[in-house]
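Here's the structure, in structure tokens; my notes come after.
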Amino acid sequence: MFSDADLAAFAITLKLALIATVVLLVFGTPLAWWLARTRWRYKFVVEALIALPLVLPPTVLGFYLLIALGPQGPLGKIALATGGRPLAFTFTGLVIGSVIYSLPFVIQPLQNAFTSIGRRPLEVAATLRAAPMDRFFSVAIPLARPGFLTATVLGFAHTIGEFGVVLMIGGNIPGETQVLSIAIYDHVESLDYVHAHWLAASLLIFSLALLMLVYACNRRFRLLLP
Amino acid sequence: MNIVARFGIRRKSFSLQAHFTVPASGVTGIFGASGSGKTTLLRAMAGLDRHSDGYLKVGQALWQDKALFVPAHQRDIGYVFQEPSLFTHLTVRENLDYARTRNPQRPSFDSLSPLIGLMGIAPLLTRHPATLSGGEQQRVAICRALATGPGMLLMDEPLASLDYDRQQDILPYLEALHAQLDIPILYVSHVVDEIARLCDHLIVLDNGQVSASGPVQELFTRLDLPLSQGALAETVIEAVVDSHDQQYALTHVEFSGGMLTVTRCQVDVGQAVRVRIAAKDVSLTLEHQTNTSILNIFPATVVQVVPTTEPLLTVQLTAGDELLLAHVTRKSADALGLRPGRSVYVQAKSVALLA
């Protein structure tokens with residue numbers, strides 16, 4: 001049913017999606033919070049940059065990332081200087097690419113959720129002697145819970161489904177950077193439709209189940225979609 | 001101990017110039033029409049909004065000055081918002097715990113019982129805010145504000161978001177609070193009745209300016225203030241319970257101008273109470289009427305007569321040390337020859353006891 005390479009692709013895909021989602025939540029939460037609260041007049045610049053992966057062809061994003069991560073690129077140079085190897089065609093490179101690619105899918109639901117809380121609950125918390133960090137963790141995060149569910153699932157599912165960026169910067173190294181979407185592509189290229197079917201159907205069912213879970217848990221989902 | 005406040009706030013369509021000193025005890029009402037700057041002032045005092053031109057000192061604690069701004073969470077206050085604003089992700093008990101665990105004294109939950117009893121929310125503790133009525137939510141919000149152990153309570157029209165019946169439900173709890181709490185309360189309202197029932201002291205805001213400040217009884221009868229103008233104008237009088245009449249279910253209270261009869265109350269003889277006489281319920285006679293159903297009749301002297309809205313005049317009277325108001329028609333005033341110095345008898349159709 002699944003070859004060893006297919007199973008390895010499963011594992012790499014899950015690991016990539018998991019790590020990318022965690023990284024996105026850790027860095028995306030404060031960024032989304034800042035976007036929801038700031039009255040900075042140039043905030044739209046940041047918002048546009050974050051939304052860019054929504055409209056850009058993944059190959060464009062992948063191309064620039066490939067250059068940035070390669071031995072001559074800024075990120076690649078940093079990696080070399082700190083004793084590593086260039087990040088292109090590595091798993092770390094894939095994580096960086098996935099984080100950028102899925103950024104809007106995590107930031108936008110979080111930003112919407114934080115905005116919809118309004119200022120009042122935080123003002124109430126302030127009058128109950130809660131300091132700013134305390135207010136963030138005890139009021140903002142719990143009240144934004146639906147947004148976190150949406151952001152987590154969308155970030156995770158979108159990373160699993162990415163193709164173009166991965167192909168550009170990760171290449172297609174089985175057991176290292178070959179993810180499911182590329183494995184399917186390979187099977188189709190070699191006219192191995194049976195294996196392509198198995199993988200494609202697995203992804204389809206998995207994605208559908210994940211989205212059904214969100215819709216079931218979270219009636220506000222539609223409002224929070226980017 | 002005083003609360004000294006001075007704020008100069010300028011916005012596009014609005015400016016507030018408030019400078020006042022009120023005693024740091026009892027309930028101080030902040031009264032004014034909507035748009036007069038009441039909420040802006042209260043938020044500035046709570047530290048929720050920061051205005052560069054501000055000074056606030058509560059007792060010994062300086063909270064705002066040119067160089068100093070203590071943020072809201074470091075001010076020793078409780079704040080009750082116009083809408084209840086409970087945390088929807090927490091139960092009633094967890095809402096109270098949110099405040100209690102941030103109280104520097106770290107009281108036990110049990111120590112909140114008297115407060116929970118006073119607000120009548122013991123049966124609600126396990127409920128979620130969404131399942132409570134507006135009045136219940138507001139009572140929880142008041143209890144929560146007090147659970148942080150504040151040195152001052154700020155209330156921004158806590159009844160305004162409730163319908164009339166709910167307001168009447170919650171007023172007794174506020175009166176109980178007034179009687180039992182020994183911290184100062186600032187109470188924002190545009191409703192004369194709430195001010196009469198709850199406040200000792202009053203700040204009148206008019207278009208962003210403090211137009212008067214002083215004891216409630218004094219301001220209620222001042223003819224130059226909006227309080228005496230409307231149809232709801234009333235007088236608040238300090239009195240002492242004299243005796244109870246079990247047979248007729250009445251209570252007699254004595255004030256400096258005579259004796260008044262009110263509905264039987266549970267207050268002990270000798271206790272100070274406040275009674276309220278609405279200006280529209282007062283009629284004036286030249287002789288002491290005897291064949292009348294009206295129980296409250298006492299002599300008074302006319303101080304001033306000023307026009308209100310046709311056909312009514314507002315008559316300011318003095319009885320003993322108290323001032324009171326009467327609304328009479330211009331026709332009656334002419335017939336009785338009402339002018340300053342005239343001796344009359346006041347007939348008050350209804351006199352209500354305030355807590």
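Quick note on naming: the chains in the structure tokens go A, B, ... in the order shown, residues restart at 1 in each chain, and ligands are numbered from 1 in order of appearance.
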Query - chain A contacts to chain B at 8 Å (only C-alpha atoms) as a VMD selection string - result: chain A and resid 120 to 121 123 to 131 139 142 to 143
Would you mind exporting C-alpha atoms of the selected residues as a short mmCIF file (atom, residue, chain, number, x, y, z; two decimals), in the first residue's frame?
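Below is the file that was written, again_24.cif:
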data_model
loop_
_atom_site.label_atom_id
_atom_site.label_comp_id
_atom_site.auth_asym_id
_atom_site.auth_seq_id
_atom_site.Cartn_x
_atom_site.Cartn_y
_atom_site.Cartn_z
CA ARG A 120 -13.25 46.42 27.44
CA PRO A 121 -12.26 43.02 28.92
CA GLU A 123 -9.74 47.47 30.80
CA VAL A 124 -11.78 45.45 33.27
CA ALA A 125 -8.74 43.29 34.00
CA ALA A 126 -6.63 46.43 34.50
CA THR A 127 -9.08 47.74 37.10
CA LEU A 128 -8.84 44.33 38.81
CA ARG A 129 -5.11 44.96 39.31
CA ALA A 130 -3.91 42.73 36.44
CA ALA A 131 -0.63 43.97 34.93
CA VAL A 139 -7.90 37.47 29.42
CA PRO A 142 -8.52 32.62 26.65
CA LEU A 143 -10.99 34.92 24.92
#
Query raised in the report: Residues of range 56-113 of chain A in helix (DSSP H, G or I) according to DSSP, as a PyMOL selection string?
Result: chain A and resi 58-69+74-81+91-113
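With only C-alpha atoms as the atoms that count, the residue of A:Glu162, A:Glu176, A:Glu47, A:Asp134 with the shortest distance to Ile12 in chain A is A:Glu176.
The neighbours of Leu66 in chain A here are the residues that come within 10 Å of it, using only C-alpha atoms and leaving out any residue fewer than 4 positions away in the same chain; they are Thr59, Val60, Leu61, Gly62, Gly70, Pro71, Gly73, Leu75, Gly76, Leu87, Ala88, Phe89, Gly93, Gly97, Val165, Val166, Met168, Ile169 and Gly170 of chain A.
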For the selection just defined, write its residues with N, CA and C atoms to a file, as a PDB file, in the first residue's frame.
ATOM      1  N   THR A  59       6.154  29.581  -6.367  1.00  0.00           N
ATOM      2  CA  THR A  59       7.472  29.485  -7.014  1.00  0.00           C
ATOM      3  C   THR A  59       8.265  30.784  -6.853  1.00  0.00           C
ATOM      4  N   VAL A  60       7.551  31.917  -6.831  1.00  0.00           N
ATOM      5  CA  VAL A  60       8.239  33.203  -6.637  1.00  0.00           C
ATOM      6  C   VAL A  60       8.840  33.257  -5.240  1.00  0.00           C
ATOM      7  N   LEU A  61       7.991  32.923  -4.273  1.00  0.00           N
ATOM      8  CA  LEU A  61       8.449  32.897  -2.890  1.00  0.00           C
ATOM      9  C   LEU A  61       9.614  31.916  -2.747  1.00  0.00           C
ATOM     10  N   GLY A  62       9.431  30.729  -3.354  1.00  0.00           N
ATOM     11  CA  GLY A  62      10.450  29.695  -3.266  1.00  0.00           C
ATOM     12  C   GLY A  62      11.749  30.133  -3.912  1.00  0.00           C
ATOM     13  N   GLY A  70      20.641  29.987   0.183  1.00  0.00           N
ATOM     14  CA  GLY A  70      21.823  29.394  -0.430  1.00  0.00           C
ATOM     15  C   GLY A  70      23.121  29.974   0.143  1.00  0.00           C
ATOM     16  N   PRO A  71      24.268  29.416  -0.271  1.00  0.00           N
ATOM     17  CA  PRO A  71      25.554  29.829   0.321  1.00  0.00           C
ATOM     18  C   PRO A  71      25.849  31.317   0.142  1.00  0.00           C
ATOM     19  N   GLY A  73      23.393  33.665  -0.060  1.00  0.00           N
ATOM     20  CA  GLY A  73      22.288  34.445   0.506  1.00  0.00           C
ATOM     21  C   GLY A  73      22.539  34.824   1.949  1.00  0.00           C
ATOM     22  N   LEU A  75      20.728  34.481   4.731  1.00  0.00           N
ATOM     23  CA  LEU A  75      20.447  33.444   5.727  1.00  0.00           C
ATOM     24  C   LEU A  75      21.454  32.309   5.625  1.00  0.00           C
ATOM     25  N   GLY A  76      21.818  31.987   4.391  1.00  0.00           N
ATOM     26  CA  GLY A  76      22.812  30.937   4.179  1.00  0.00           C
ATOM     27  C   GLY A  76      24.161  31.331   4.773  1.00  0.00           C
ATOM     28  N   LEU A  87      21.301  26.509   3.994  1.00  0.00           N
ATOM     29  CA  LEU A  87      20.015  25.973   4.407  1.00  0.00           C
ATOM     30  C   LEU A  87      19.177  25.429   3.259  1.00  0.00           C
ATOM     31  N   ALA A  88      19.541  25.801   2.028  1.00  0.00           N
ATOM     32  CA  ALA A  88      18.780  25.273   0.904  1.00  0.00           C
ATOM     33  C   ALA A  88      18.924  23.762   0.865  1.00  0.00           C
ATOM     34  N   PHE A  89      17.835  23.090   0.504  1.00  0.00           N
ATOM     35  CA  PHE A  89      17.802  21.624   0.429  1.00  0.00           C
ATOM     36  C   PHE A  89      18.043  20.966   1.778  1.00  0.00           C
ATOM     37  N   GLY A  93      15.671  24.528   6.221  1.00  0.00           N
ATOM     38  CA  GLY A  93      15.242  25.430   5.152  1.00  0.00           C
ATOM     39  C   GLY A  93      13.757  25.287   4.874  1.00  0.00           C
ATOM     40  N   GLY A  97      10.856  28.160   5.099  1.00  0.00           N
ATOM     41  CA  GLY A  97       9.954  28.412   3.980  1.00  0.00           C
ATOM     42  C   GLY A  97       8.490  28.233   4.368  1.00  0.00           C
ATOM     43  N   VAL A 165       6.762  25.946  -2.897  1.00  0.00           N
ATOM     44  CA  VAL A 165       7.880  26.454  -2.102  1.00  0.00           C
ATOM     45  C   VAL A 165       8.826  25.312  -1.760  1.00  0.00           C
ATOM     46  N   VAL A 166       8.234  24.179  -1.357  1.00  0.00           N
ATOM     47  CA  VAL A 166       9.038  23.033  -0.954  1.00  0.00           C
ATOM     48  C   VAL A 166       9.889  22.531  -2.117  1.00  0.00           C
ATOM     49  N   MET A 168      10.973  24.210  -4.623  1.00  0.00           N
ATOM     50  CA  MET A 168      12.031  25.148  -4.949  1.00  0.00           C
ATOM     51  C   MET A 168      13.177  25.091  -3.946  1.00  0.00           C
ATOM     52  N   ILE A 169      12.866  25.044  -2.661  1.00  0.00           N
ATOM     53  CA  ILE A 169      13.955  25.174  -1.679  1.00  0.00           C
ATOM     54  C   ILE A 169      14.341  23.853  -1.038  1.00  0.00           C
ATOM     55  N   GLY A 170      13.464  22.860  -1.113  1.00  0.00           N
ATOM     56  CA  GLY A 170      13.774  21.605  -0.416  1.00  0.00           C
ATOM     57  C   GLY A 170      14.244  20.548  -1.377  1.00  0.00           C
TER      58      GLY A 170
END
**Report entry** Residue neighbourhood Thr177 in chain A, 7 Å, only C-alpha atoms, exclusion window fewer than 6 positions, as a VMD selection string
**Finding:** chain A and resid 90 to 91 170 to 171
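Rounded to one decimal, CA of Leu286 in chain B and CA of Tyr345 in chain B lie 6.0 Å from each other.
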Query - Which of range 97-236 of chain B DSSP labels strand (DSSP E), written as a VMD selection string - result: chain B and resid 152 to 156 185 to 189 201 to 206 209 to 215 234 to 236
Those selected residues, please, written with C-alpha atoms and delivered as a compact mmCIF listing (two decimals), in the first residue's frame.
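Listed below is the output, part-v4.txt:
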# COMPACT_ATOMS: atom_id res chain seq x y z
CA MET B 152 -12.12 53.59 46.32
CA LEU B 153 -14.99 52.39 44.14
CA LEU B 154 -15.81 54.08 40.83
CA MET B 155 -19.19 53.33 39.28
CA ASP B 156 -20.10 54.50 35.78
CA ILE B 185 -17.59 55.71 46.12
CA LEU B 186 -17.76 57.89 43.03
CA TYR B 187 -21.08 57.32 41.33
CA VAL B 188 -21.74 58.65 37.83
CA SER B 189 -25.38 59.11 36.90
CA HIS B 201 -22.04 64.64 48.01
CA LEU B 202 -22.44 65.80 44.46
CA ILE B 203 -20.44 67.17 41.55
CA VAL B 204 -22.58 68.67 38.80
CA LEU B 205 -20.98 68.58 35.35
CA ASP B 206 -22.31 70.82 32.65
CA GLN B 209 -17.32 72.17 33.39
CA VAL B 210 -17.99 71.59 37.08
CA SER B 211 -20.96 73.90 37.60
CA ALA B 212 -21.43 73.05 41.28
CA SER B 213 -20.09 70.76 43.96
CA GLY B 214 -21.32 70.22 47.51
CA PRO B 215 -23.62 68.21 49.76
CA GLU B 234 -36.95 66.77 44.55
CA THR B 235 -35.68 67.57 48.01
CA VAL B 236 -33.65 65.36 50.28
**Report entry** Shell of 8 Å around Leu177 in chain B, only C-alpha atoms, local chain residues under 4 positions omitted, as number ranges by chain
**Finding:** B: 118, 173, 181
The selected residues should be written to file as a CSV table (one decimal), in the first residue's frame (atoms: C-alpha atoms).
chain,number,residue,atom,x,y,z
B,118,LEU,CA,-24.9,41.6,50.5
B,173,TYR,CA,-28.1,46.4,46.9
B,181,LEU,CA,-18.9,50.1,52.8
Report task. Name the residues in contact with range 304-311 of chain B at a cut-off of 7 Å, using only C-alpha atoms, excluding same-chain residues fewer than 4 positions from it; report them as a ChimeraX atom specification. Result -> /B:229,315-316,329-330,339-340
Requested in this report: Write out as a ChimeraX atom specification which residues come within 12 Å of Thr38 in chain A when counting only C-alpha atoms, dropping same-chain ones fewer than 5 positions away.
Outcome: /A:30-33,43-44,46-47,111,114-115,119
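As for CA of Leu62 in chain B and CA of His190 in chain B, they are spaced 28.6 Å apart.
CA of Ala201 in chain A is found 20.1 Å from CA of Val214 in chain A.
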Query raised in the report: Which one of A:Ile160, A:Ile182, A:Val45, A:Ala140 sits closest to Thr29 in chain A if you count only C-alpha atoms?
Result: A:Ala140
